[in-house]
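Take a look at the structure set out below.
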Number of protein chains: 6
Amino acid sequence: MILLTRKAEFSAAHYYWNEAWSAEENARVFGKCANRNGHGHNYTLEVTVAGDVDPVTGFVVDLKQLKDVMEREVVSVFDHRHLNLEVPDFKTAIPTTENIAVAAWKRLEGKIPGKARLHRVRVYEMPDLFADYFGG
Amino acid sequence: MILLTRKAEFSAAHYYWNEAWSAEENARVFGKCANRNGHGHNYTLEVTVAGDVDPVTGFVVDLKQLKDVMEREVVSVFDHRHLNLEVPDFKTAIPTTENIAVAAWKRLEGKIPGKARLHRVRVYEMPDLFADYFGG
Amino acid sequence: MILLTRKAEFSAAHYYWNEAWSAEENARVFGKCANRNGHGHNYTLEVTVAGDVDPVTGFVVDLKQLKDVMEREVVSVFDHRHLNLEVPDFKTAIPTTENIAVAAWKRLEGKIPGKARLHRVRVYEMPDLFADYFGG
Amino acid sequence: MILLTRKAEFSAAHYYWNEAWSAEENARVFGKCANRNGHGHNYTLEVTVAGDVDPVTGFVVDLKQLKDVMEREVVSVFDHRHLNLEVPDFKTAIPTTENIAVAAWKRLEGKIPGKARLHRVRVYEMPDLFADYFGG
Amino acid sequence: MILLTRKAEFSAAHYYWNEAWSAEENARVFGKCANRNGHGHNYTLEVTVAGDVDPVTGFVVDLKQLKDVMEREVVSVFDHRHLNLEVPDFKTAIPTTENIAVAAWKRLEGKIPGKARLHRVRVYEMPDLFADYFGG
Amino acid sequence: MILLTRKAEFSAAHYYWNEAWSAEENARVFGKCANRNGHGHNYTLEVTVAGDVDPVTGFVVDLKQLKDVMEREVVSVFDHRHLNLEVPDFKTAIPTTENIAVAAWKRLEGKIPGKARLHRVRVYEMPDLFADYFGG
């Protein structure tokens with residue numbers, strides 16, 4: 001068993017806001033992130049798949065196909081978007097780093113090409129903050 | 001003469017839009033960046049000052065004071081803001097990397113502590129895209 | 001279950017020395033690191049917590065509170081200090097990367113805010129050398 | 001139990017080619033990587049060992065000895081080489097990132113100095129692509 | 001006047017060899033780089049253009065057009081190629097970092113879109129080695 | 001004319017202290033850096049030389065010789081040392097980033113191999129703080 005990880009990037013706007021709370025409560029919990037004009041980040045998406053090395057190709061997964069799946073399922077949906085306003089995954093879930101990782105997992109699950117399986121999704125919001133999701 | 005450079009970071013949302021143009025023209029020139037819901041970035045601000053080394057302190061500039069000026073004049077104004085909607089510098093100027101560098105220069109000019117002078121402002125929108133402004 | 005990781009940095013001096021050994025033995029085992037004038041590093045502390053995403057906040061852990069705990073329990077104690085001379089954790093333990101990770105774990109254990117639990121402490125002494133401790 | 005990771009770098013040329021296939025099939029599967037003149041990369045080798053901290057030295061593994069083993073067993077063999085043409089590990093296995101990680105593991109297994117054991121080999125082909133092998 | 005810099009990457013193989021010298025002389029001067037099987041690198045190309053900010057777009061240069069020129073003129077020619085064997089720029093010039101920067105400059109000169117002018121080409125062979133060429 | 005830059009690293013301890021001042025004055029100006037037990041950093045030394053490309057070698061400077069000069073003149077003197085206590089350059093000058101850059105310049109000036117000349121010395125104390133010295 002081997003793990004293969006590929007990274008991609010997207011830029012998006014977001015804010016943190018719980019509709020059930022007052023503006024004061026949102027400001028208290030989310031601080032500057034509660035500004036509803038939004039702010040944004042350069043996100044890094046790191047997708048890890050697990051599997052055996054195919055002796056014919058030397059690959060756990062076809063790199064071009066993996067890149068295409070990441071682009072089609074996640075990057076093209078999130079990139080240059082306002083996550084709260086335009087991406088349905090965040091109609092109810094607040095687009096925290098944790099929830100973005102979970103949303104990316106759900107979009108990628110079952111779509112990994114060939115025999116490899118999705119092992120981990122890591123999302124960096126900034127170089128010093130990231131979330132890992134293993135699907136359960 | 002020596003140069004001393006200090007970096008700081010801020011996260012902000014923006015979009016590219018020229019009010020004098022049709023939606024089609026904005027989309028043609030600015031592509032995905034014309035999405036008026038906004039997207040965002042982790043920006044890096046790099047401020048370079050020039051001067052002589054003070055033989056008493058070994059400093060071209062007091063590092064703590066430089067950090068405070070950068071925070072007060074630029075980072076606290078741009079961070080966690082929507083540049084188009086909330087920062088007056090971009091009421092008329094489109095918040096491109098070039099214009100953000102010029103705006104940061106204008107905010108910092110004349111505010112460098114001690115005898116050093118502002119030499120360059122560099123702004124990274126992403127690790128692979130940056131603008132340098134030298135004030136003229 | 002999801003993992004959330006946050007980084008912080010501190011700068012410190014240290015040296016490697018075993019009091020039970022002769023100077024020759026210390027030099028043989030620790031090489032340049034046995035210089036008792038000390039040398040130093042920019043350390044990176046990476047703290048990973050594990051837990052469920054709170055559906056109300058979208059957080060595994062409150063980011064501001066986590067940052068404050070890391071600052072109070074570790075960074076403010078180690079930063080701009082000589083680890084051998086000033087930090088009690090290293091009165092008997094040599095401040096190797098491994099022992100710094102263990103010391104940081106002990107300082108953070110039981111202090112993680114909310115329902116998340118401490119999962120891993122990683123310490124980088126340099127970009128090409130790091131230790132991971134999982135608490136057991 | 002603690003993990004200690006050390007990095008090293010090497011530069012090498014390679015191409016992807018399956019002798020059992022036609023040129024068309026190689027081009028279809030491997031794309032630009034099937035160019036038999038070769039292309040190359042700056043690889044990063046990350047070796048993680050696991051063990052207990054020796055209370056006498058504060059080390060899981062002697063850092064100098066670990067560096068020497070990595071240099072002797074892997075870096076000196078792969079660095080400034082054409083992997084397909086000059087390194088026997090790739091006489092039959094295609095030098096993909098996955099297979100380079102497996103080859104490095106085989107070269108390092110049983111050679112870790114002291115009581116630590118080899119835990120993981122990670123190989124980066126580029127900053128956005130890497131493979132992890134745990135030996136089974 | 002403002003500078004705008006954009007980065008791109010390519011992977012290529014090369015070796016250092018002066019046909020006028022003996023094998024011994026090549027080995028003496030170029031060391032491991034004289035291995036004619038070739039080795040390789042992940043190169044980073046950094047293109048800086050200079051100009052005034054267009055008040056209509058906020059751009060010194062159209063970013064999409066600049067990216068396309070870099071891709072068409074340099075990256076597509078050098079990427080996944082053996083520089084000595086396949087790229088005519090290096091039929092006579094040895095593909096050192098210096099000569100790659102000069103070759104990229106010659107390929108880009110006069111092709112910068114709009115009113116901006118080419119200011120500098122930087123080429124990284126590795127993160128710790130790079131050359132800058134300003135065209136004269 | 002072309003510029004060629006090479007990087008090297010060293011780890012050292014230092015503190016900021018002006019003997020002519022009281023402890024209170026040192027603490028007021030230098031803050032945490034005035035702790036005389038010392039703290040430390042991973043420094044990066046970046047040496048840039050300028051010259052013409054030798055048509056015979058493709059080099060502005062022999063890379064191996066440049067590396068050796070940097071190692072012999074600067075890195076071996078500063079690495080794993082306490083700059084205030086062990087390096088004569090800092091008997092009178094406070095080892096600020098600015099003064100370390102000046103000291104490295106003085107050690108390298110006139111020692112660049114071949115026809116290239118020393119153009120710039122950059123010293124990073126941390127990734128977000130660096131000084132540039134051009135020799136005058």
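For the structure tokens, the naming scheme is as follows: chains receive sequential letters (A, B, ...) according to their order of presentation, residues are indexed from 1 within each chain, and ligands are indexed from 1 in presentation order.
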Exercise. Would you kindly return, as a ChimeraX atom specification, each protein, DNA or RNA residue with an atom no farther than 9 Å from any atom of segment 93-97 of chain F, considering only C-alpha atoms and excluding same-chain residues fewer than 4 positions away?
Key: /B:4,55-59 /F:14-18,83-84,89,101-102,123-125,129-131
Exercise. Report as a PyMOL selection string the set of chain C residues whose atoms approach chain F to within 6 Å, with distances computed over only C-alpha atoms.
Key: chain C and resi 11-13+37-42+80-82
Quiz item: Among segment 2-96 of chain B, which ones does DSSP place in alpha helix (DSSP H), written as a list in words?
Solution: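 The residues of segment 2-96 of chain B classed as alpha helix (DSSP H) are Ala23, Glu24, Glu25, Asn26, Ala27, Arg28, Val29, Phe30, Leu63, Lys64, Gln65, Leu66, Lys67, Asp68, Val69, Met70, Ser76, Val77, Phe78, Leu83, Asn84, Leu85 and Glu86 of chain B.
Distance-wise, atom CA of Tyr133 of chain D and atom CA of Glu98 of chain D end up 7.8 Å apart.
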Practice problem: One decimal, Å: what's the distance from atom CA of Trp105 of chain C over to atom CA of Ala27 of chain C, could you say? | Solution: 29.3 Å
Quiz item: Leaving out segment 60-70 of chain C and any residue of its chain fewer than 5 positions from it, which residues lie within 6 Å of it when counting only C-alpha atoms, given as a ChimeraX atom specification?
Solution: /C:51-53
Filtered DSSP result for chain F, state strand (DSSP E), as a tab-separated table (two decimals) with all heavy atoms, in the first residue's frame:
```
chain	number	residue	atom	x	y	z
F	2	ILE	N	25.07	39.64	-15.99
F	2	ILE	CA	24.07	38.76	-15.40
F	2	ILE	C	24.37	38.63	-13.90
F	2	ILE	O	25.52	38.81	-13.48
F	2	ILE	CB	24.05	37.39	-16.12
F	2	ILE	CG1	22.71	36.69	-15.98
F	2	ILE	CG2	25.21	36.51	-15.67
F	2	ILE	CD1	22.45	35.65	-17.04
F	3	LEU	N	23.33	38.35	-13.13
F	3	LEU	CA	23.51	38.13	-11.69
F	3	LEU	C	23.30	36.66	-11.37
F	3	LEU	O	22.36	36.04	-11.88
F	3	LEU	CB	22.50	38.96	-10.89
F	3	LEU	CG	22.49	40.47	-11.14
F	3	LEU	CD1	21.40	41.14	-10.28
F	3	LEU	CD2	23.84	41.09	-10.85
F	4	LEU	N	24.14	36.13	-10.50
F	4	LEU	CA	23.99	34.74	-10.08
F	4	LEU	C	23.94	34.74	-8.55
F	4	LEU	O	24.82	35.33	-7.90
F	4	LEU	CB	25.18	33.92	-10.59
F	4	LEU	CG	25.15	32.41	-10.52
F	4	LEU	CD1	25.41	31.88	-9.12
F	4	LEU	CD2	23.84	31.81	-11.03
F	5	THR	N	22.93	34.09	-7.99
F	5	THR	CA	22.73	34.09	-6.55
F	5	THR	C	22.74	32.68	-5.99
F	5	THR	O	22.09	31.79	-6.54
F	5	THR	CB	21.38	34.76	-6.20
F	5	THR	OG1	21.37	36.08	-6.72
F	5	THR	CG2	21.16	34.80	-4.69
F	6	ARG	N	23.45	32.51	-4.92
F	6	ARG	CA	23.51	31.22	-4.25
F	6	ARG	C	23.17	31.42	-2.77
F	6	ARG	O	23.60	32.39	-2.16
F	6	ARG	CB	24.92	30.64	-4.41
F	6	ARG	CG	25.10	29.28	-3.83
F	6	ARG	CD	26.01	28.39	-4.63
F	6	ARG	NE	25.63	27.01	-4.37
F	6	ARG	CZ	26.12	25.96	-5.00
F	6	ARG	NH1	26.98	26.13	-5.98
F	6	ARG	NH2	25.71	24.74	-4.71
F	7	LYS	N	22.44	30.47	-2.19
F	7	LYS	CA	22.06	30.56	-0.78
F	7	LYS	C	22.79	29.53	0.07
F	7	LYS	O	23.13	28.44	-0.41
F	7	LYS	CB	20.56	30.29	-0.61
F	7	LYS	CG	19.67	31.25	-1.36
F	7	LYS	CD	18.21	31.04	-0.96
F	7	LYS	CE	17.30	31.78	-1.92
F	7	LYS	NZ	15.88	31.73	-1.52
F	8	ALA	N	22.99	29.87	1.33
F	8	ALA	CA	23.52	28.92	2.31
F	8	ALA	C	22.84	29.24	3.64
F	8	ALA	O	22.23	30.30	3.80
F	8	ALA	CB	25.03	29.06	2.43
F	9	GLU	N	22.96	28.35	4.59
F	9	GLU	CA	22.28	28.53	5.87
F	9	GLU	C	23.23	28.34	7.03
F	9	GLU	O	24.20	27.59	6.94
F	9	GLU	CB	21.12	27.54	5.97
F	9	GLU	CG	20.10	27.79	4.88
F	9	GLU	CD	18.85	26.96	5.00
F	9	GLU	OE1	18.86	25.98	5.78
F	9	GLU	OE2	17.88	27.29	4.31
F	10	PHE	N	22.93	29.05	8.11
F	10	PHE	CA	23.67	28.80	9.35
F	10	PHE	C	22.74	29.08	10.52
F	10	PHE	O	21.78	29.85	10.40
F	10	PHE	CB	24.96	29.64	9.42
F	10	PHE	CG	24.77	31.13	9.36
F	10	PHE	CD1	24.63	31.88	10.52
F	10	PHE	CD2	24.75	31.79	8.15
F	10	PHE	CE1	24.47	33.26	10.49
F	10	PHE	CE2	24.59	33.17	8.09
F	10	PHE	CZ	24.44	33.90	9.26
F	11	SER	N	23.04	28.43	11.63
F	11	SER	CA	22.26	28.60	12.85
F	11	SER	C	23.16	29.22	13.90
F	11	SER	O	24.27	28.73	14.11
F	11	SER	CB	21.74	27.25	13.34
F	11	SER	OG	20.88	26.69	12.37
F	12	ALA	N	22.67	30.25	14.56
F	12	ALA	CA	23.53	30.94	15.53
F	12	ALA	C	22.68	31.55	16.63
F	12	ALA	O	21.48	31.75	16.48
F	12	ALA	CB	24.35	32.02	14.83
F	13	ALA	N	23.34	31.85	17.74
F	13	ALA	CA	22.71	32.56	18.85
F	13	ALA	C	23.17	34.01	18.86
F	13	ALA	O	24.26	34.32	18.36
F	13	ALA	CB	23.07	31.90	20.18
F	14	HIS	N	22.35	34.89	19.38
F	14	HIS	CA	22.76	36.28	19.53
F	14	HIS	C	21.87	36.97	20.56
F	14	HIS	O	20.88	36.41	21.03
F	14	HIS	CB	22.73	37.03	18.20
F	14	HIS	CG	21.36	37.39	17.68
F	14	HIS	ND1	21.16	38.36	16.73
F	14	HIS	CD2	20.13	36.90	17.99
F	14	HIS	CE1	19.88	38.45	16.48
F	14	HIS	NE2	19.23	37.60	17.20
F	39	HIS	N	19.21	34.19	22.35
F	39	HIS	CA	18.24	33.36	21.66
F	39	HIS	C	18.87	33.08	20.29
F	39	HIS	O	20.06	33.37	20.12
F	39	HIS	CB	16.88	34.06	21.55
F	39	HIS	CG	16.91	35.30	20.73
F	39	HIS	ND1	17.46	36.48	21.19
F	39	HIS	CD2	16.54	35.55	19.45
F	39	HIS	CE1	17.38	37.40	20.25
F	39	HIS	NE2	16.84	36.86	19.18
F	40	GLY	N	18.16	32.53	19.34
F	40	GLY	CA	18.86	32.19	18.11
F	40	GLY	C	17.94	32.08	16.91
F	40	GLY	O	16.71	32.20	17.03
F	41	HIS	N	18.56	31.87	15.77
F	41	HIS	CA	17.83	31.82	14.50
F	41	HIS	C	18.50	30.85	13.53
F	41	HIS	O	19.69	30.57	13.63
F	41	HIS	CB	17.80	33.20	13.85
F	41	HIS	CG	17.14	34.26	14.67
F	41	HIS	ND1	15.79	34.32	14.84
F	41	HIS	CD2	17.65	35.28	15.40
F	41	HIS	CE1	15.49	35.35	15.63
F	41	HIS	NE2	16.60	35.95	15.99
F	42	ASN	N	17.69	30.41	12.56
F	42	ASN	CA	18.22	29.80	11.34
F	42	ASN	C	18.38	30.93	10.33
F	42	ASN	O	17.39	31.42	9.79
F	42	ASN	CB	17.24	28.77	10.77
F	42	ASN	CG	16.88	27.69	11.76
F	42	ASN	OD1	17.70	27.26	12.55
F	42	ASN	ND2	15.62	27.26	11.72
F	43	TYR	N	19.59	31.36	10.10
F	43	TYR	CA	19.85	32.43	9.14
F	43	TYR	C	20.01	31.88	7.73
F	43	TYR	O	20.52	30.76	7.55
F	43	TYR	CB	21.14	33.16	9.51
F	43	TYR	CG	21.07	33.97	10.78
F	43	TYR	CD1	21.43	33.42	12.00
F	43	TYR	CD2	20.64	35.30	10.74
F	43	TYR	CE1	21.37	34.17	13.16
F	43	TYR	CE2	20.58	36.05	11.92
F	43	TYR	CZ	20.94	35.48	13.11
F	43	TYR	OH	20.88	36.23	14.26
F	44	THR	N	19.59	32.66	6.75
F	44	THR	CA	19.89	32.34	5.36
F	44	THR	C	20.77	33.43	4.79
F	44	THR	O	20.46	34.62	4.91
F	44	THR	CB	18.60	32.22	4.52
F	44	THR	OG1	17.80	31.18	5.06
F	44	THR	CG2	18.92	31.88	3.07
F	45	LEU	N	21.88	33.01	4.21
F	45	LEU	CA	22.82	33.92	3.55
F	45	LEU	C	22.62	33.78	2.06
F	45	LEU	O	22.70	32.67	1.54
F	45	LEU	CB	24.25	33.52	3.92
F	45	LEU	CG	25.38	34.19	3.14
F	45	LEU	CD1	25.52	35.66	3.53
F	45	LEU	CD2	26.70	33.44	3.38
F	46	GLU	N	22.39	34.92	1.38
F	46	GLU	CA	22.18	34.89	-0.07
F	46	GLU	C	23.25	35.78	-0.70
F	46	GLU	O	23.26	36.99	-0.45
F	46	GLU	CB	20.78	35.45	-0.36
F	46	GLU	CG	20.02	34.76	-1.44
F	46	GLU	CD	18.65	35.36	-1.66
F	46	GLU	OE1	18.54	36.34	-2.41
F	46	GLU	OE2	17.68	34.85	-1.06
F	47	VAL	N	24.13	35.19	-1.48
F	47	VAL	CA	25.23	35.95	-2.08
F	47	VAL	C	24.99	36.08	-3.58
F	47	VAL	O	24.81	35.09	-4.27
F	47	VAL	CB	26.58	35.26	-1.82
F	47	VAL	CG1	27.71	35.98	-2.55
F	47	VAL	CG2	26.86	35.21	-0.32
F	48	THR	N	24.97	37.34	-4.06
F	48	THR	CA	24.77	37.61	-5.48
F	48	THR	C	26.05	38.18	-6.08
F	48	THR	O	26.61	39.14	-5.55
F	48	THR	CB	23.63	38.62	-5.68
F	48	THR	OG1	22.44	38.09	-5.09
F	48	THR	CG2	23.38	38.90	-7.16
F	49	VAL	N	26.50	37.56	-7.18
F	49	VAL	CA	27.66	38.08	-7.90
F	49	VAL	C	27.21	38.53	-9.28
F	49	VAL	O	26.22	38.04	-9.82
F	49	VAL	CB	28.78	37.03	-8.01
F	49	VAL	CG1	29.21	36.55	-6.63
F	49	VAL	CG2	28.39	35.87	-8.88
F	50	ALA	N	27.95	39.48	-9.83
F	50	ALA	CA	27.63	40.05	-11.15
F	50	ALA	C	28.80	39.84	-12.09
F	50	ALA	O	29.97	39.92	-11.67
F	50	ALA	CB	27.34	41.54	-11.01
F	51	GLY	N	28.47	39.64	-13.36
F	51	GLY	CA	29.55	39.49	-14.33
F	51	GLY	C	29.00	39.06	-15.68
F	51	GLY	O	27.79	39.00	-15.88
F	81	ARG	N	27.52	29.09	16.31
F	81	ARG	CA	28.26	29.99	17.19
F	81	ARG	C	27.31	30.96	17.89
F	81	ARG	O	26.21	31.22	17.40
F	81	ARG	CB	29.27	30.82	16.38
F	81	ARG	CG	30.37	29.99	15.75
F	81	ARG	CD	31.29	29.40	16.80
F	81	ARG	NE	32.21	28.42	16.23
F	81	ARG	CZ	32.99	27.63	16.95
F	81	ARG	NH1	32.97	27.67	18.27
F	81	ARG	NH2	33.79	26.77	16.38
F	82	HIS	N	27.78	31.50	19.00
F	82	HIS	CA	27.09	32.62	19.64
F	82	HIS	C	27.76	33.86	19.07
F	82	HIS	O	28.93	34.14	19.37
F	82	HIS	CB	27.26	32.54	21.16
F	82	HIS	CG	26.35	33.49	21.89
F	82	HIS	ND1	26.37	34.84	21.65
F	82	HIS	CD2	25.39	33.27	22.81
F	82	HIS	CE1	25.47	35.43	22.43
F	82	HIS	NE2	24.85	34.49	23.13
F	117	ARG	N	32.14	39.91	-9.74
F	117	ARG	CA	32.33	40.76	-8.57
F	117	ARG	C	31.12	40.62	-7.64
F	117	ARG	O	30.00	40.35	-8.08
F	117	ARG	CB	32.52	42.22	-8.99
F	117	ARG	CG	31.36	42.81	-9.70
F	117	ARG	CD	31.59	44.27	-10.13
F	117	ARG	NE	30.45	44.69	-10.94
F	117	ARG	CZ	29.24	44.97	-10.46
F	117	ARG	NH1	29.01	44.91	-9.16
F	117	ARG	NH2	28.24	45.31	-11.27
F	118	LEU	N	31.39	40.82	-6.37
F	118	LEU	CA	30.33	40.73	-5.37
F	118	LEU	C	29.34	41.87	-5.61
F	118	LEU	O	29.73	43.03	-5.73
F	118	LEU	CB	30.96	40.86	-3.97
F	118	LEU	CG	30.05	40.64	-2.77
F	118	LEU	CD1	29.41	39.26	-2.77
F	118	LEU	CD2	30.84	40.85	-1.47
F	119	HIS	N	28.04	41.53	-5.69
F	119	HIS	CA	27.03	42.54	-6.00
F	119	HIS	C	26.13	42.84	-4.80
F	119	HIS	O	25.81	43.99	-4.53
F	119	HIS	CB	26.19	42.05	-7.18
F	119	HIS	CG	25.01	42.91	-7.49
F	119	HIS	ND1	25.13	44.15	-8.07
F	119	HIS	CD2	23.68	42.73	-7.27
F	119	HIS	CE1	23.93	44.69	-8.21
F	119	HIS	NE2	23.04	43.86	-7.72
F	120	ARG	N	25.72	41.81	-4.12
F	120	ARG	CA	24.80	42.00	-2.99
F	120	ARG	C	24.93	40.86	-2.00
F	120	ARG	O	25.13	39.71	-2.39
F	120	ARG	CB	23.34	42.03	-3.50
F	120	ARG	CG	22.33	42.43	-2.45
F	120	ARG	CD	20.91	42.32	-2.94
F	120	ARG	NE	20.48	40.93	-3.01
F	120	ARG	CZ	19.29	40.51	-3.45
F	120	ARG	NH1	18.42	41.40	-3.91
F	120	ARG	NH2	18.99	39.23	-3.47
F	121	VAL	N	24.81	41.18	-0.72
F	121	VAL	CA	24.67	40.16	0.32
F	121	VAL	C	23.32	40.37	0.98
F	121	VAL	O	23.02	41.49	1.43
F	121	VAL	CB	25.79	40.25	1.37
F	121	VAL	CG1	25.46	39.38	2.58
F	121	VAL	CG2	27.12	39.83	0.77
F	122	ARG	N	22.51	39.33	0.98
F	122	ARG	CA	21.24	39.38	1.70
F	122	ARG	C	21.30	38.38	2.85
F	122	ARG	O	21.73	37.25	2.67
F	122	ARG	CB	20.09	39.02	0.76
F	122	ARG	CG	18.73	38.90	1.44
F	122	ARG	CD	17.60	38.69	0.47
F	122	ARG	NE	17.31	39.92	-0.28
F	122	ARG	CZ	16.29	40.06	-1.13
F	122	ARG	NH1	15.46	39.05	-1.34
F	122	ARG	NH2	16.09	41.20	-1.75
F	123	VAL	N	20.81	38.81	4.01
F	123	VAL	CA	20.73	37.92	5.17
F	123	VAL	C	19.30	37.92	5.67
F	123	VAL	O	18.73	38.98	5.95
F	123	VAL	CB	21.69	38.36	6.29
F	123	VAL	CG1	21.45	37.54	7.56
F	123	VAL	CG2	23.14	38.20	5.85
F	124	TYR	N	18.71	36.73	5.75
F	124	TYR	CA	17.41	36.54	6.38
F	124	TYR	C	17.63	36.09	7.82
F	124	TYR	O	18.30	35.08	8.05
F	124	TYR	CB	16.61	35.42	5.70
F	124	TYR	CG	16.04	35.73	4.35
F	124	TYR	CD1	16.80	35.61	3.20
F	124	TYR	CD2	14.71	36.13	4.21
F	124	TYR	CE1	16.27	35.87	1.95
F	124	TYR	CE2	14.16	36.39	2.96
F	124	TYR	CZ	14.94	36.26	1.84
F	124	TYR	OH	14.40	36.52	0.60
F	125	GLU	N	17.02	36.80	8.77
F	125	GLU	CA	17.04	36.33	10.16
F	125	GLU	C	15.87	35.38	10.38
F	125	GLU	O	15.96	34.43	11.13
F	125	GLU	CB	16.91	37.53	11.11
F	125	GLU	CG	17.02	37.14	12.56
F	125	GLU	CD	16.83	38.32	13.48
F	125	GLU	OE1	17.75	39.15	13.58
F	125	GLU	OE2	15.74	38.43	14.11
F	126	MET	N	14.78	35.70	9.72
F	126	MET	CA	13.60	34.85	9.70
F	126	MET	C	13.01	35.01	8.30
F	126	MET	O	13.39	35.91	7.57
F	126	MET	CB	12.59	35.32	10.76
F	126	MET	CG	13.11	35.11	12.17
F	126	MET	SD	11.84	35.38	13.41
F	126	MET	CE	11.52	37.14	13.20
F	129	LEU	N	11.96	38.68	7.57
F	129	LEU	CA	12.85	39.80	7.93
F	129	LEU	C	14.22	39.59	7.30
F	129	LEU	O	14.88	38.59	7.58
F	129	LEU	CB	13.01	39.87	9.45
F	129	LEU	CG	13.86	41.02	9.97
F	129	LEU	CD1	13.21	42.36	9.70
F	129	LEU	CD2	14.08	40.86	11.48
F	130	PHE	N	14.63	40.54	6.45
F	130	PHE	CA	15.95	40.39	5.82
F	130	PHE	C	16.56	41.74	5.51
F	130	PHE	O	15.87	42.76	5.39
F	130	PHE	CB	15.88	39.52	4.57
F	130	PHE	CG	14.98	40.00	3.48
F	130	PHE	CD1	15.43	40.86	2.49
F	130	PHE	CD2	13.66	39.57	3.41
F	130	PHE	CE1	14.60	41.28	1.46
F	130	PHE	CE2	12.82	39.98	2.39
F	130	PHE	CZ	13.30	40.85	1.41
F	131	ALA	N	17.90	41.73	5.40
F	131	ALA	CA	18.66	42.95	5.09
F	131	ALA	C	19.50	42.71	3.83
F	131	ALA	O	20.00	41.61	3.60
F	131	ALA	CB	19.58	43.30	6.25
F	132	ASP	N	19.63	43.77	3.01
F	132	ASP	CA	20.45	43.73	1.78
F	132	ASP	C	21.56	44.76	1.89
F	132	ASP	O	21.30	45.93	2.20
F	132	ASP	CB	19.60	44.12	0.55
F	132	ASP	CG	18.54	43.09	0.22
F	132	ASP	OD1	18.90	41.95	-0.04
F	132	ASP	OD2	17.34	43.46	0.22
F	133	TYR	N	22.78	44.33	1.56
F	133	TYR	CA	23.90	45.25	1.57
F	133	TYR	C	24.62	45.15	0.22
F	133	TYR	O	24.88	44.06	-0.27
F	133	TYR	CB	24.85	44.94	2.71
F	133	TYR	CG	25.97	45.94	2.90
F	133	TYR	CD1	25.68	47.29	3.11
F	133	TYR	CD2	27.30	45.55	2.86
F	133	TYR	CE1	26.70	48.22	3.28
F	133	TYR	CE2	28.32	46.48	3.04
F	133	TYR	CZ	28.01	47.81	3.24
F	133	TYR	OH	29.03	48.73	3.41
```
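Across the model, the gap from atom CA of Ala116 of chain A to atom CA of Gly110 of chain D is 29.0 Å.
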